[in-house]
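> Got a structure for you, upload_27.pdb, holding PDB, C-alpha atoms, pLDDT in the B column.
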ATOM      1  CA  MET F 258       0.000   0.000   0.000  1.00 52.00           C
ATOM      2  CA  GLU F 259       1.368   3.417  -0.972  1.00 48.00           C
ATOM      3  CA  GLN F 260       1.756   5.677   2.065  1.00 49.00           C
ATOM      4  CA  SER F 261      -0.703   8.560   2.166  1.00 48.00           C
ATOM      5  CA  SER F 262      -0.072  11.931   3.796  1.00 49.00           C
ATOM      6  CA  HIS F 263      -2.356  10.752   6.590  1.00 47.00           C
ATOM      7  CA  SER F 264      -0.164   7.705   7.231  1.00 43.00           C
ATOM      8  CA  LEU F 265       3.085   9.667   7.132  1.00 47.00           C
ATOM      9  CA  ILE F 266       1.821  12.280   9.590  1.00 47.00           C
ATOM     10  CA  TYR F 267       0.389   9.850  12.117  1.00 48.00           C
ATOM     11  CA  ASP F 268       3.284   7.418  11.934  1.00 47.00           C
ATOM     12  CA  SER F 269       5.272  10.424  13.142  1.00 50.00           C
ATOM     13  CA  ILE F 270       2.970  12.078  15.703  1.00 47.00           C
ATOM     14  CA  GLY F 271       0.869   9.104  16.768  1.00 47.00           C
ATOM     15  CA  ILE F 272       2.914   8.216  19.858  1.00 54.00           C
ATOM     16  CA  GLY F 273       0.771   8.809  22.946  1.00 56.00           C
ATOM     17  CA  TYR F 274      -2.122  10.007  20.795  1.00 59.00           C
ATOM     18  CA  ARG F 275      -4.749   8.356  22.994  1.00 67.00           C
ATOM     19  CA  ARG F 276      -3.636  10.319  26.051  1.00 75.00           C
ATOM     20  CA  PHE F 277      -4.831  13.626  24.635  1.00 82.00           C
ATOM     21  CA  ARG F 278      -7.317  12.622  21.945  1.00 83.00           C
ATOM     22  CA  VAL F 279     -10.074  11.316  24.187  1.00 90.00           C
ATOM     23  CA  PRO F 280     -13.545  11.463  22.610  1.00 94.00           C
ATOM     24  CA  ASP F 281     -15.597  14.318  24.006  1.00 97.00           C
ATOM     25  CA  ILE F 282     -18.975  12.976  25.107  1.00 97.00           C
ATOM     26  CA  ARG F 283     -20.888  15.961  23.686  1.00 98.00           C
ATOM     27  CA  ILE F 284     -19.304  15.678  20.263  1.00 98.00           C
ATOM     28  CA  ALA F 285     -19.670  11.883  20.392  1.00 97.00           C
ATOM     29  CA  ARG F 286     -23.387  12.304  21.000  1.00 97.00           C
ATOM     30  CA  ARG F 287     -23.731  14.486  17.905  1.00 98.00           C
ATOM     31  CA  ILE F 288     -21.909  11.943  15.750  1.00 98.00           C
ATOM     32  CA  ARG F 289     -23.881   9.000  17.152  1.00 97.00           C
ATOM     33  CA  GLU F 290     -27.198  10.764  16.535  1.00 97.00           C
ATOM     34  CA  ALA F 291     -26.157  11.462  12.940  1.00 98.00           C
ATOM     35  CA  ILE F 292     -25.224   7.802  12.398  1.00 97.00           C
ATOM     36  CA  GLY F 293     -28.677   6.802  13.594  1.00 96.00           C
ATOM     37  CA  ASN F 294     -30.154   3.346  13.232  1.00 93.00           C
ATOM     38  CA  ALA F 295     -27.407   1.695  11.180  1.00 95.00           C
ATOM     39  CA  SER F 296     -26.494  -1.987  11.111  1.00 94.00           C
ATOM     40  CA  SER F 297     -23.001  -1.575   9.686  1.00 96.00           C
ATOM     41  CA  VAL F 298     -20.526   1.295   9.874  1.00 97.00           C
ATOM     42  CA  CYS F 299     -17.184   1.863   8.176  1.00 97.00           C
ATOM     43  CA  ASN F 300     -14.855   4.312   9.934  1.00 96.00           C
ATOM     44  CA  ILE F 301     -12.456   5.861   7.417  1.00 97.00           C
ATOM     45  CA  GLY F 302      -9.184   7.180   8.830  1.00 93.00           C
ATOM     46  CA  ALA F 303     -10.199   5.462  12.048  1.00 89.00           C
ATOM     47  CA  GLY F 304      -7.024   6.189  13.969  1.00 85.00           C
ATOM     48  CA  ALA F 305      -7.153   4.876  17.520  1.00 81.00           C
ATOM     49  CA  GLY F 306     -10.928   4.444  17.332  1.00 85.00           C
ATOM     50  CA  SER F 307     -12.288   7.719  18.673  1.00 87.00           C
ATOM     51  CA  TYR F 308     -16.024   8.228  18.201  1.00 95.00           C
ATOM     52  CA  GLU F 309     -16.715   4.749  16.871  1.00 93.00           C
ATOM     53  CA  PRO F 310     -20.170   3.688  18.139  1.00 94.00           C
ATOM     54  CA  SER F 311     -19.689   0.832  20.598  1.00 90.00           C
ATOM     55  CA  ASP F 312     -23.211  -0.493  20.022  1.00 93.00           C
ATOM     56  CA  LEU F 313     -22.811  -1.051  16.270  1.00 94.00           C
ATOM     57  CA  GLU F 314     -20.733  -3.260  14.003  1.00 91.00           C
ATOM     58  CA  VAL F 315     -17.799  -1.111  12.877  1.00 94.00           C
ATOM     59  CA  THR F 316     -15.151  -1.812  10.252  1.00 95.00           C
ATOM     60  CA  PRO F 317     -12.174   0.495  10.909  1.00 94.00           C
ATOM     61  CA  VAL F 318      -9.996   1.606   7.993  1.00 94.00           C
ATOM     62  CA  GLU F 319      -6.616   3.135   8.843  1.00 92.00           C
ATOM     63  CA  PRO F 320      -3.319   3.406   6.902  1.00 89.00           C
ATOM     64  CA  SER F 321      -1.006   4.306   9.812  1.00 84.00           C
ATOM     65  CA  LEU F 322       0.565   1.385  11.672  1.00 85.00           C
ATOM     66  CA  ARG F 323       1.373   3.699  14.574  1.00 80.00           C
ATOM     67  CA  MET F 324      -2.318   4.420  15.051  1.00 81.00           C
ATOM     68  CA  ILE F 325      -3.443   0.834  14.482  1.00 83.00           C
ATOM     69  CA  GLU F 326      -1.090  -0.340  17.230  1.00 82.00           C
ATOM     70  CA  GLN F 327      -2.944   1.843  19.744  1.00 79.00           C
ATOM     71  CA  ARG F 328      -6.255   0.089  19.149  1.00 77.00           C
ATOM     72  CA  ALA F 329      -7.593  -2.747  21.294  1.00 76.00           C
ATOM     73  CA  ASP F 330      -8.969  -4.370  18.131  1.00 77.00           C
ATOM     74  CA  SER F 331      -5.899  -3.847  15.950  1.00 70.00           C
ATOM     75  CA  LYS F 332      -6.253  -7.259  14.279  1.00 74.00           C
ATOM     76  CA  HIS F 333      -9.608  -6.271  12.808  1.00 85.00           C
ATOM     77  CA  VAL F 334      -8.474  -3.036  11.155  1.00 91.00           C
ATOM     78  CA  VAL F 335      -8.420  -2.833   7.369  1.00 92.00           C
ATOM     79  CA  ARG F 336      -5.171  -1.094   6.411  1.00 93.00           C
ATOM     80  CA  SER F 337      -6.050   1.074   3.449  1.00 92.00           C
ATOM     81  CA  ASN F 338      -6.249   4.659   2.234  1.00 93.00           C
ATOM     82  CA  ALA F 339      -9.547   6.499   1.888  1.00 95.00           C
ATOM     83  CA  GLU F 340      -8.978   6.876  -1.829  1.00 96.00           C
ATOM     84  CA  GLU F 341      -8.905   3.100  -2.436  1.00 95.00           C
ATOM     85  CA  LEU F 342     -11.458   1.401  -0.190  1.00 97.00           C
ATOM     86  CA  PRO F 343     -11.513  -2.393  -0.666  1.00 96.00           C
ATOM     87  CA  PHE F 344     -15.292  -2.757  -0.316  1.00 97.00           C
ATOM     88  CA  GLU F 345     -18.331  -3.405  -2.478  1.00 97.00           C
ATOM     89  CA  ASP F 346     -20.737  -0.665  -3.538  1.00 98.00           C
ATOM     90  CA  GLU F 347     -23.013   0.350  -0.625  1.00 97.00           C
ATOM     91  CA  GLN F 348     -21.587  -2.432   1.533  1.00 97.00           C
ATOM     92  CA  PHE F 349     -22.192  -0.306   4.645  1.00 98.00           C
ATOM     93  CA  ASP F 350     -25.162   1.601   5.975  1.00 98.00           C
ATOM     94  CA  VAL F 351     -22.881   4.456   7.076  1.00 98.00           C
ATOM     95  CA  ALA F 352     -19.317   5.548   6.361  1.00 98.00           C
ATOM     96  CA  MET F 353     -17.942   7.912   8.980  1.00 98.00           C
ATOM     97  CA  ALA F 354     -14.786  10.026   9.061  1.00 98.00           C
ATOM     98  CA  VAL F 355     -13.667  12.124  12.027  1.00 97.00           C
ATOM     99  CA  LEU F 356     -11.171  14.977  11.586  1.00 95.00           C
ATOM    100  CA  THR F 357      -9.290  13.092   8.901  1.00 94.00           C
ATOM    101  CA  VAL F 358     -10.356  14.349   5.456  1.00 96.00           C
ATOM    102  CA  HIS F 359      -7.772  17.174   5.518  1.00 93.00           C
ATOM    103  CA  HIS F 360      -5.004  14.549   5.690  1.00 91.00           C
ATOM    104  CA  TRP F 361      -6.071  12.618   2.613  1.00 94.00           C
ATOM    105  CA  THR F 362      -3.934  12.855  -0.507  1.00 92.00           C
ATOM    106  CA  ASP F 363      -7.025  13.312  -2.696  1.00 96.00           C
ATOM    107  CA  PRO F 364      -9.951  14.358  -0.472  1.00 96.00           C
ATOM    108  CA  VAL F 365     -12.514  14.496  -3.274  1.00 97.00           C
ATOM    109  CA  LYS F 366     -11.611  10.982  -4.398  1.00 97.00           C
ATOM    110  CA  GLY F 367     -11.819   9.819  -0.780  1.00 97.00           C
ATOM    111  CA  LEU F 368     -15.273  11.327  -0.348  1.00 98.00           C
ATOM    112  CA  THR F 369     -16.365   9.739  -3.609  1.00 98.00           C
ATOM    113  CA  GLU F 370     -15.190   6.386  -2.284  1.00 98.00           C
ATOM    114  CA  MET F 371     -17.096   6.948   0.973  1.00 98.00           C
ATOM    115  CA  ARG F 372     -20.241   7.613  -1.031  1.00 98.00           C
ATOM    116  CA  ARG F 373     -19.634   4.509  -3.138  1.00 98.00           C
ATOM    117  CA  VAL F 374     -19.233   2.050  -0.235  1.00 98.00           C
ATOM    118  CA  SER F 375     -22.042   3.396   1.979  1.00 98.00           C
ATOM    119  CA  ARG F 376     -25.607   4.567   1.785  1.00 98.00           C
ATOM    120  CA  ARG F 377     -25.019   7.480   4.163  1.00 98.00           C
ATOM    121  CA  GLN F 378     -21.975   9.498   5.185  1.00 98.00           C
ATOM    122  CA  VAL F 379     -21.213  11.215   8.508  1.00 98.00           C
ATOM    123  CA  ILE F 380     -18.103  13.416   8.611  1.00 98.00           C
ATOM    124  CA  LEU F 381     -16.638  15.655  11.303  1.00 98.00           C
ATOM    125  CA  THR F 382     -14.466  18.238   9.584  1.00 98.00           C
ATOM    126  CA  PHE F 383     -13.699  21.962   9.710  1.00 98.00           C
ATOM    127  CA  ASP F 384     -14.113  25.020   7.537  1.00 98.00           C
ATOM    128  CA  PRO F 385     -10.573  26.072   6.496  1.00 97.00           C
ATOM    129  CA  PHE F 386     -11.757  29.638   6.059  1.00 96.00           C
ATOM    130  CA  LYS F 387     -12.747  29.909   9.710  1.00 97.00           C
ATOM    131  CA  VAL F 388      -9.542  28.521  11.210  1.00 96.00           C
ATOM    132  CA  ASP F 389      -8.089  31.987  11.801  1.00 95.00           C
ATOM    133  CA  SER F 390     -11.075  32.957  13.934  1.00 97.00           C
ATOM    134  CA  PHE F 391      -9.233  31.033  16.648  1.00 98.00           C
ATOM    135  CA  TRP F 392      -6.879  33.254  18.647  1.00 98.00           C
ATOM    136  CA  LEU F 393      -3.956  30.799  18.636  1.00 98.00           C
ATOM    137  CA  VAL F 394      -3.967  30.773  14.846  1.00 98.00           C
ATOM    138  CA  ARG F 395      -4.861  34.411  14.227  1.00 98.00           C
ATOM    139  CA  ASP F 396      -2.444  35.948  16.735  1.00 98.00           C
ATOM    140  CA  TYR F 397       0.344  33.394  17.175  1.00 98.00           C
ATOM    141  CA  LEU F 398       0.470  30.863  14.324  1.00 98.00           C
ATOM    142  CA  PRO F 399      -1.142  32.325  11.164  1.00 97.00           C
ATOM    143  CA  GLN F 400       0.850  29.742   9.180  1.00 97.00           C
ATOM    144  CA  PHE F 401      -1.776  27.167  10.215  1.00 97.00           C
ATOM    145  CA  ALA F 402      -4.514  29.113   8.438  1.00 97.00           C
ATOM    146  CA  GLU F 403      -2.361  29.661   5.357  1.00 96.00           C
ATOM    147  CA  LEU F 404      -1.810  25.914   5.009  1.00 94.00           C
ATOM    148  CA  ASP F 405      -5.430  24.980   5.645  1.00 95.00           C
ATOM    149  CA  LYS F 406      -6.760  27.485   3.133  1.00 95.00           C
ATOM    150  CA  LYS F 407      -4.436  26.013   0.510  1.00 92.00           C
ATOM    151  CA  HIS F 408      -4.872  22.318   1.246  1.00 91.00           C
ATOM    152  CA  ALA F 409      -7.988  21.578   3.314  1.00 94.00           C
ATOM    153  CA  LEU F 410     -11.280  20.944   1.561  1.00 96.00           C
ATOM    154  CA  PRO F 411     -13.715  23.890   1.629  1.00 97.00           C
ATOM    155  CA  ILE F 412     -17.231  23.139   2.846  1.00 97.00           C
ATOM    156  CA  ASP F 413     -18.679  23.749  -0.627  1.00 97.00           C
ATOM    157  CA  ALA F 414     -16.718  20.734  -1.875  1.00 97.00           C
ATOM    158  CA  TYR F 415     -18.709  18.445   0.411  1.00 98.00           C
ATOM    159  CA  HIS F 416     -21.943  19.721  -1.128  1.00 98.00           C
ATOM    160  CA  GLN F 417     -20.507  19.222  -4.609  1.00 97.00           C
ATOM    161  CA  THR F 418     -19.171  15.707  -3.971  1.00 98.00           C
ATOM    162  CA  LEU F 419     -21.812  14.137  -1.735  1.00 98.00           C
ATOM    163  CA  SER F 420     -25.562  13.855  -2.256  1.00 97.00           C
ATOM    164  CA  ASN F 421     -28.319  15.400  -0.111  1.00 97.00           C
ATOM    165  CA  CYS F 422     -25.633  17.021   2.002  1.00 97.00           C
ATOM    166  CA  LYS F 423     -26.380  18.939   5.196  1.00 98.00           C
ATOM    167  CA  VAL F 424     -23.805  20.775   7.304  1.00 98.00           C
ATOM    168  CA  PHE F 425     -24.163  21.595  10.989  1.00 98.00           C
ATOM    169  CA  PRO F 426     -21.905  23.659  13.289  1.00 98.00           C
ATOM    170  CA  VAL F 427     -20.159  21.786  16.093  1.00 98.00           C
ATOM    171  CA  MET F 428     -19.418  23.983  19.077  1.00 98.00           C
ATOM    172  CA  VAL F 429     -16.219  23.425  21.045  1.00 98.00           C
ATOM    173  CA  PRO F 430     -16.904  23.284  24.814  1.00 98.00           C
ATOM    174  CA  TRP F 431     -14.440  25.076  27.071  1.00 98.00           C
ATOM    175  CA  ASN F 432     -13.449  21.791  28.742  1.00 98.00           C
ATOM    176  CA  CYS F 433     -13.363  19.695  25.567  1.00 98.00           C
ATOM    177  CA  ALA F 434     -11.843  16.264  26.271  1.00 96.00           C
ATOM    178  CA  ASP F 435     -10.635  15.750  22.713  1.00 96.00           C
ATOM    179  CA  GLY F 436      -7.392  17.673  22.249  1.00 95.00           C
ATOM    180  CA  PHE F 437      -7.732  18.837  18.646  1.00 96.00           C
ATOM    181  CA  LEU F 438      -6.417  22.242  17.599  1.00 97.00           C
ATOM    182  CA  ALA F 439      -9.051  24.523  19.152  1.00 98.00           C
ATOM    183  CA  ALA F 440      -9.880  22.297  22.146  1.00 98.00           C
ATOM    184  CA  TYR F 441      -7.941  24.410  24.636  1.00 98.00           C
ATOM    185  CA  TRP F 442      -9.294  27.791  23.596  1.00 98.00           C
ATOM    186  CA  ARG F 443      -9.984  28.701  27.273  1.00 98.00           C
ATOM    187  CA  ARG F 444      -6.998  26.757  28.638  1.00 98.00           C
ATOM    188  CA  PRO F 445      -4.003  28.325  26.848  1.00 98.00           C
ATOM    189  CA  GLU F 446      -1.456  26.787  29.195  1.00 98.00           C
ATOM    190  CA  VAL F 447      -2.091  23.350  27.675  1.00 97.00           C
ATOM    191  CA  TYR F 448      -0.513  24.489  24.406  1.00 98.00           C
ATOM    192  CA  LEU F 449       2.765  24.868  26.291  1.00 98.00           C
ATOM    193  CA  ASP F 450       2.900  21.092  26.768  1.00 96.00           C
ATOM    194  CA  PRO F 451       4.891  19.477  23.918  1.00 94.00           C
ATOM    195  CA  ALA F 452       2.964  16.209  24.358  1.00 92.00           C
ATOM    196  CA  ALA F 453      -0.358  18.007  23.875  1.00 94.00           C
ATOM    197  CA  ARG F 454       0.980  19.759  20.768  1.00 94.00           C
ATOM    198  CA  ASN F 455       2.269  16.464  19.422  1.00 91.00           C
ATOM    199  CA  ALA F 456      -1.296  15.135  19.354  1.00 89.00           C
ATOM    200  CA  ILE F 457      -2.346  18.040  17.095  1.00 92.00           C
ATOM    201  CA  SER F 458      -1.312  17.499  13.504  1.00 89.00           C
ATOM    202  CA  SER F 459      -1.128  21.209  12.652  1.00 93.00           C
ATOM    203  CA  PHE F 460       2.026  21.587  14.732  1.00 94.00           C
ATOM    204  CA  SER F 461       3.811  19.000  12.595  1.00 90.00           C
ATOM    205  CA  LYS F 462       3.058  20.843   9.366  1.00 90.00           C
ATOM    206  CA  VAL F 463       4.917  24.111   9.943  1.00 93.00           C
ATOM    207  CA  HIS F 464       8.586  24.744  10.592  1.00 95.00           C
ATOM    208  CA  ILE F 465       9.663  24.208  14.181  1.00 95.00           C
ATOM    209  CA  ASP F 466      11.077  27.745  14.342  1.00 97.00           C
ATOM    210  CA  TYR F 467       7.611  29.235  13.837  1.00 97.00           C
ATOM    211  CA  VAL F 468       6.189  27.000  16.538  1.00 97.00           C
ATOM    212  CA  SER F 469       9.000  27.694  18.997  1.00 98.00           C
ATOM    213  CA  ARG F 470       8.663  31.461  18.647  1.00 98.00           C
ATOM    214  CA  ALA F 471       4.878  31.344  18.934  1.00 98.00           C
ATOM    215  CA  ILE F 472       4.854  29.096  21.995  1.00 98.00           C
ATOM    216  CA  SER F 473       7.577  31.183  23.656  1.00 98.00           C
ATOM    217  CA  GLN F 474       5.463  34.321  23.148  1.00 98.00           C
ATOM    218  CA  LEU F 475       2.349  32.573  24.395  1.00 98.00           C
ATOM    219  CA  GLU F 476       4.195  31.456  27.533  1.00 98.00           C
ATOM    220  CA  LYS F 477       5.304  35.042  28.192  1.00 98.00           C
ATOM    221  CA  ASP F 478       1.775  36.363  27.629  1.00 98.00           C
ATOM    222  CA  ILE F 479       0.295  33.843  30.046  1.00 98.00           C
ATOM    223  CA  ALA F 480       2.910  34.597  32.720  1.00 98.00           C
ATOM    224  CA  SER F 481       2.481  38.370  32.416  1.00 98.00           C
ATOM    225  CA  GLY F 482      -1.300  38.278  32.403  1.00 98.00           C
ATOM    226  CA  ALA F 483      -1.419  39.717  28.886  1.00 98.00           C
ATOM    227  CA  TRP F 484      -3.302  36.680  27.579  1.00 98.00           C
ATOM    228  CA  ASN F 485      -6.030  37.031  30.210  1.00 98.00           C
ATOM    229  CA  GLU F 486      -6.344  40.735  29.496  1.00 97.00           C
ATOM    230  CA  ARG F 487      -6.437  40.319  25.722  1.00 97.00           C
ATOM    231  CA  TYR F 488      -8.928  37.454  25.695  1.00 98.00           C
ATOM    232  CA  SER F 489     -10.904  38.175  28.855  1.00 97.00           C
ATOM    233  CA  GLU F 490     -14.185  37.898  26.941  1.00 97.00           C
ATOM    234  CA  LEU F 491     -13.509  34.195  26.392  1.00 98.00           C
ATOM    235  CA  LEU F 492     -13.270  33.428  30.089  1.00 96.00           C
ATOM    236  CA  SER F 493     -17.029  33.764  30.534  1.00 96.00           C
ATOM    237  CA  ARG F 494     -17.920  31.608  27.522  1.00 98.00           C
ATOM    238  CA  ASP F 495     -18.855  27.928  27.796  1.00 98.00           C
ATOM    239  CA  GLU F 496     -18.472  27.068  24.117  1.00 98.00           C
ATOM    240  CA  MET F 497     -17.217  28.587  20.876  1.00 98.00           C
ATOM    241  CA  ASP F 498     -17.710  28.106  17.151  1.00 98.00           C
ATOM    242  CA  TYR F 499     -14.268  27.771  15.592  1.00 98.00           C
ATOM    243  CA  GLY F 500     -15.418  26.323  12.299  1.00 98.00           C
ATOM    244  CA  TYR F 501     -15.837  22.639  13.150  1.00 98.00           C
ATOM    245  CA  ARG F 502     -18.648  21.144  11.098  1.00 98.00           C
ATOM    246  CA  LEU F 503     -20.661  17.924  11.005  1.00 98.00           C
ATOM    247  CA  VAL F 504     -21.435  16.870   7.445  1.00 98.00           C
ATOM    248  CA  VAL F 505     -24.329  14.428   6.991  1.00 98.00           C
ATOM    249  CA  ALA F 506     -25.121  13.098   3.520  1.00 98.00           C
ATOM    250  CA  SER F 507     -27.225  10.381   1.950  1.00 97.00           C
ATOM    251  CA  ASN F 508     -27.142   8.690  -1.456  1.00 96.00           C
ATOM    252  CA  SER F 509     -30.937   8.909  -1.557  1.00 90.00           C
ATOM    253  CA  ALA F 510     -33.262  11.655  -0.428  1.00 79.00           C
ATOM    254  CA  GLU F 511     -34.611  11.059   3.080  1.00 66.00           C
TER
END
Could you render the structure from this file as structure tokens?


Amino acid sequence: MEQSSHSLIYDSIGIGYRRFRVPDIRIARRIREAIGNASSVCNIGAGAGSYEPSDLEVTPVEPSLRMIEQRADSKHVVRSNAEELPFEDEQFDVAMAVLTVHHWTDPVKGLTEMRRVSRRQVILTFDPFKVDSFWLVRDYLPQFAELDKKHALPIDAYHQTLSNCKVFPVMVPWNCADGFLAAYWRRPEVYLDPAARNAISSFSKVHIDYVSRAISQLEKDIASGAWNERYSELLSRDEMDYGYRLVVASNSAE
């Protein structure tokens, strides 16, 4: 199997991934509700298994050996890329994908494959044109937004590629358990932890010098109280919209 960008990234950063990337129960509930009454589910870019419904039959698909090794059911994982799924047409009731589409070598081809092998599709993704609404990106690491705007799939592409597509905002709670990029928006000190950053793929995509300077400045701002003063409005918020989106599509009108 040819290594995808997804596989290369997670073979590198996947160590200790499960420590910080714990499914958040509120986001999990949204995904489970969208999956609905399905008999069979295929999880594309399954990683360590976050958000897989425990009450349904799930076939995980994951190219990264590093991530597969962190699963309790590693022997049952299908090692494959999203762009070349080894399944029959509409073999599954639902194909799901959680924060993985932006790592695929050919996202449109991967989405087309998801549509081919399933009757419905449930995808947690993000709007690349809203990434810089997040203070860490806008004020410390604008390189993240530059990369996402160039390489991540815009929301319109989901409408164009999938059928009967609906898109819903997914709010990020202030105490989000899943340590993706914007999870610590009210807990800036967590970004100072190299292990926490290592579980966020964005930090592996820009030069270490940019990251080092940004984190050094963030540490100074936290210590001086400048961060609290600058972002004081956030401290009273329980959740924020930083562009995360739940895409729900169906091959037939429902």

> Report as an NGL selection string all protein, DNA and RNA residues lying within 7 Å of range 467-484 of chain F, evaluated on only C-alpha atoms, omitting residues in the same chain fewer than 4 positions from it.

:F and (397-398 or 449 or 463 or 488)

> Between F:Ala510, F:Val374, F:Leu393, F:Leu503, which has the minimum distance to Pro445 in chain F (counting only C-alpha atoms)?

F:Leu393

> Name the residues captured by the PyMOL selection byres ((chain F and resi 329) around 12) when it is applied to the shown file; answer as a PyMOL selection string.

chain F and resi 275+304-307+317+324-328+330-334

> Which neighbours of Pro430 in chain F fall inside 8 Å, counting only C-alpha atoms, when residues of the same chain fewer than 6 positions from it are skipped, and could you give them as a list in words?

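My reading of the contact set: Ala440, Asp495, Glu496 and Met497 of chain F.
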
> Identify which of the residues F:Glu319, F:Asp466, F:Glu486, F:Glu309 lies closest to Gln400 in chain F, counting only C-alpha atoms when measuring atom-to-atom distances.

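For Gln400 in chain F, the nearest of the candidates is F:Asp466.
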
> Of the candidates F:Glu446, F:Asp281, F:Asp350, F:Glu340, which shows the shortest atom-to-atom distance to Glu314 in chain F, using all atoms listed in the file?

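Closest to Glu314 in chain F, using all atoms listed in the file: F:Asp350.
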
> Take the PyMOL selection byres ((chain F and resi 505) around 6), run it mentally on this structure, and tell me the resulting residues as a VMD selection string.

chain F and resid 378 to 379 422 to 423 504 506

> Take the residues just selected and output them with C-alpha atoms as a compact mmCIF listing (two decimals), keeping the file's coordinate frame.


# COMPACT_ATOMS: atom_id res chain seq x y z
CA GLN F 378 -21.98 9.50 5.18
CA VAL F 379 -21.21 11.22 8.51
CA CYS F 422 -25.63 17.02 2.00
CA LYS F 423 -26.38 18.94 5.20
CA VAL F 504 -21.44 16.87 7.44
CA ALA F 506 -25.12 13.10 3.52

> Applying 8 Å and only C-alpha atoms, which residues near Ser297 in chain F remain after dropping the ones on its own chain fewer than 5 positions away? List them as a list in words.

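The filter keeps Leu313, Glu314, Val315, Thr316, Phe349, Asp350 and Val351 of chain F.
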
> Give the padded box for range 388-398 of chain F as lines of an AutoDock Vina configuration file: axis-aligned, covering all atoms listed in the file, 4 Å on each side, centre and edge lengths in Å to one decimal.


center_x = -5.3
center_y = 32.2
center_z = 14.9
size_x = 19.5
size_y = 15.4
size_z = 15.4

> When you count all atoms listed in the file, which of these residues is closest to Val427 in chain F: F:Asp498, F:Asp389, F:Asp396, F:Glu345?

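Nearest to Val427 in chain F: F:Asp498.
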
> Given the choices F:Ile292, F:Leu368, F:Ala439, F:Val335, which gets closest to Trp392 in chain F if the distance is worked out from only C-alpha atoms?

F:Ala439

> Do you have the CA of Val279 in chain F-CA of Asp435 in chain F distance handy?

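Atom-to-atom, CA of Val279 in chain F to CA of Asp435 in chain F, that is 4.7 Å.
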
> Could you state which residues are captured by the PyMOL selection byres ((chain F and resi 385) around 9) in this file, as a PDB file with C-alpha atoms, keeping the file's coordinate frame?


ATOM      1  CA  PHE F 383     -13.699  21.962   9.710  1.00 98.00           C
ATOM      2  CA  ASP F 384     -14.113  25.020   7.537  1.00 98.00           C
ATOM      3  CA  PHE F 386     -11.757  29.638   6.059  1.00 96.00           C
ATOM      4  CA  LYS F 387     -12.747  29.909   9.710  1.00 97.00           C
ATOM      5  CA  VAL F 388      -9.542  28.521  11.210  1.00 96.00           C
ATOM      6  CA  ASP F 389      -8.089  31.987  11.801  1.00 95.00           C
ATOM      7  CA  ALA F 402      -4.514  29.113   8.438  1.00 97.00           C
ATOM      8  CA  LEU F 404      -1.810  25.914   5.009  1.00 94.00           C
ATOM      9  CA  ASP F 405      -5.430  24.980   5.645  1.00 95.00           C
ATOM     10  CA  LYS F 406      -6.760  27.485   3.133  1.00 95.00           C
ATOM     11  CA  LYS F 407      -4.436  26.013   0.510  1.00 92.00           C
ATOM     12  CA  HIS F 408      -4.872  22.318   1.246  1.00 91.00           C
ATOM     13  CA  ALA F 409      -7.988  21.578   3.314  1.00 94.00           C
ATOM     14  CA  LEU F 410     -11.280  20.944   1.561  1.00 96.00           C
ATOM     15  CA  PRO F 411     -13.715  23.890   1.629  1.00 97.00           C
ATOM     16  CA  ILE F 412     -17.231  23.139   2.846  1.00 97.00           C
ATOM     17  CA  GLY F 500     -15.418  26.323  12.299  1.00 98.00           C
TER      18      GLY F 500
END

> What does the distance between CA of Val447 in chain F and CA of Phe425 in chain F come to in Å, to one decimal place?

27.7 Å

> Name the closest residue to Ile282 in chain F among the candidates F:Pro310, F:Ser296, F:Asn485, F:Phe344; distances are taken between atoms, counting all atoms listed in the file.

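Residue with the minimum atom-to-atom distance to Ile282 in chain F: F:Pro310.
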
> In Å, how far is it from CA of Val298 in chain F to CA of Ala456 in chain F?

25.5 Å

> Residues proximal to (-12.4, 14.5, 7.8) were defined as those with any atom within 9 Å of that point in the file's coordinates, counting all atoms listed in the file. Which are they, as a short mmCIF file (atom, residue, chain, number, x, y, z; two decimals) with C-alpha atoms, keeping the file's coordinate frame?


data_model
loop_
_atom_site.label_atom_id
_atom_site.label_comp_id
_atom_site.auth_asym_id
_atom_site.auth_seq_id
_atom_site.Cartn_x
_atom_site.Cartn_y
_atom_site.Cartn_z
CA ILE F 301 -12.46 5.86 7.42
CA GLY F 302 -9.18 7.18 8.83
CA MET F 353 -17.94 7.91 8.98
CA ALA F 354 -14.79 10.03 9.06
CA VAL F 355 -13.67 12.12 12.03
CA LEU F 356 -11.17 14.98 11.59
CA THR F 357 -9.29 13.09 8.90
CA VAL F 358 -10.36 14.35 5.46
CA HIS F 359 -7.77 17.17 5.52
CA HIS F 360 -5.00 14.55 5.69
CA TRP F 361 -6.07 12.62 2.61
CA PRO F 364 -9.95 14.36 -0.47
CA ILE F 380 -18.10 13.42 8.61
CA LEU F 381 -16.64 15.66 11.30
CA THR F 382 -14.47 18.24 9.58
CA PHE F 383 -13.70 21.96 9.71
#

> I'd like the neighbourhood of Arg336 in chain F as a list in words, where a residue qualifies if any of its atoms comes within 8 Å (using all atoms listed in the file), though same-chain residues fewer than 6 positions away should be ignored.

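Non-adjacent residues within range: Val318, Glu319, Pro320 and Ser321 of chain F.
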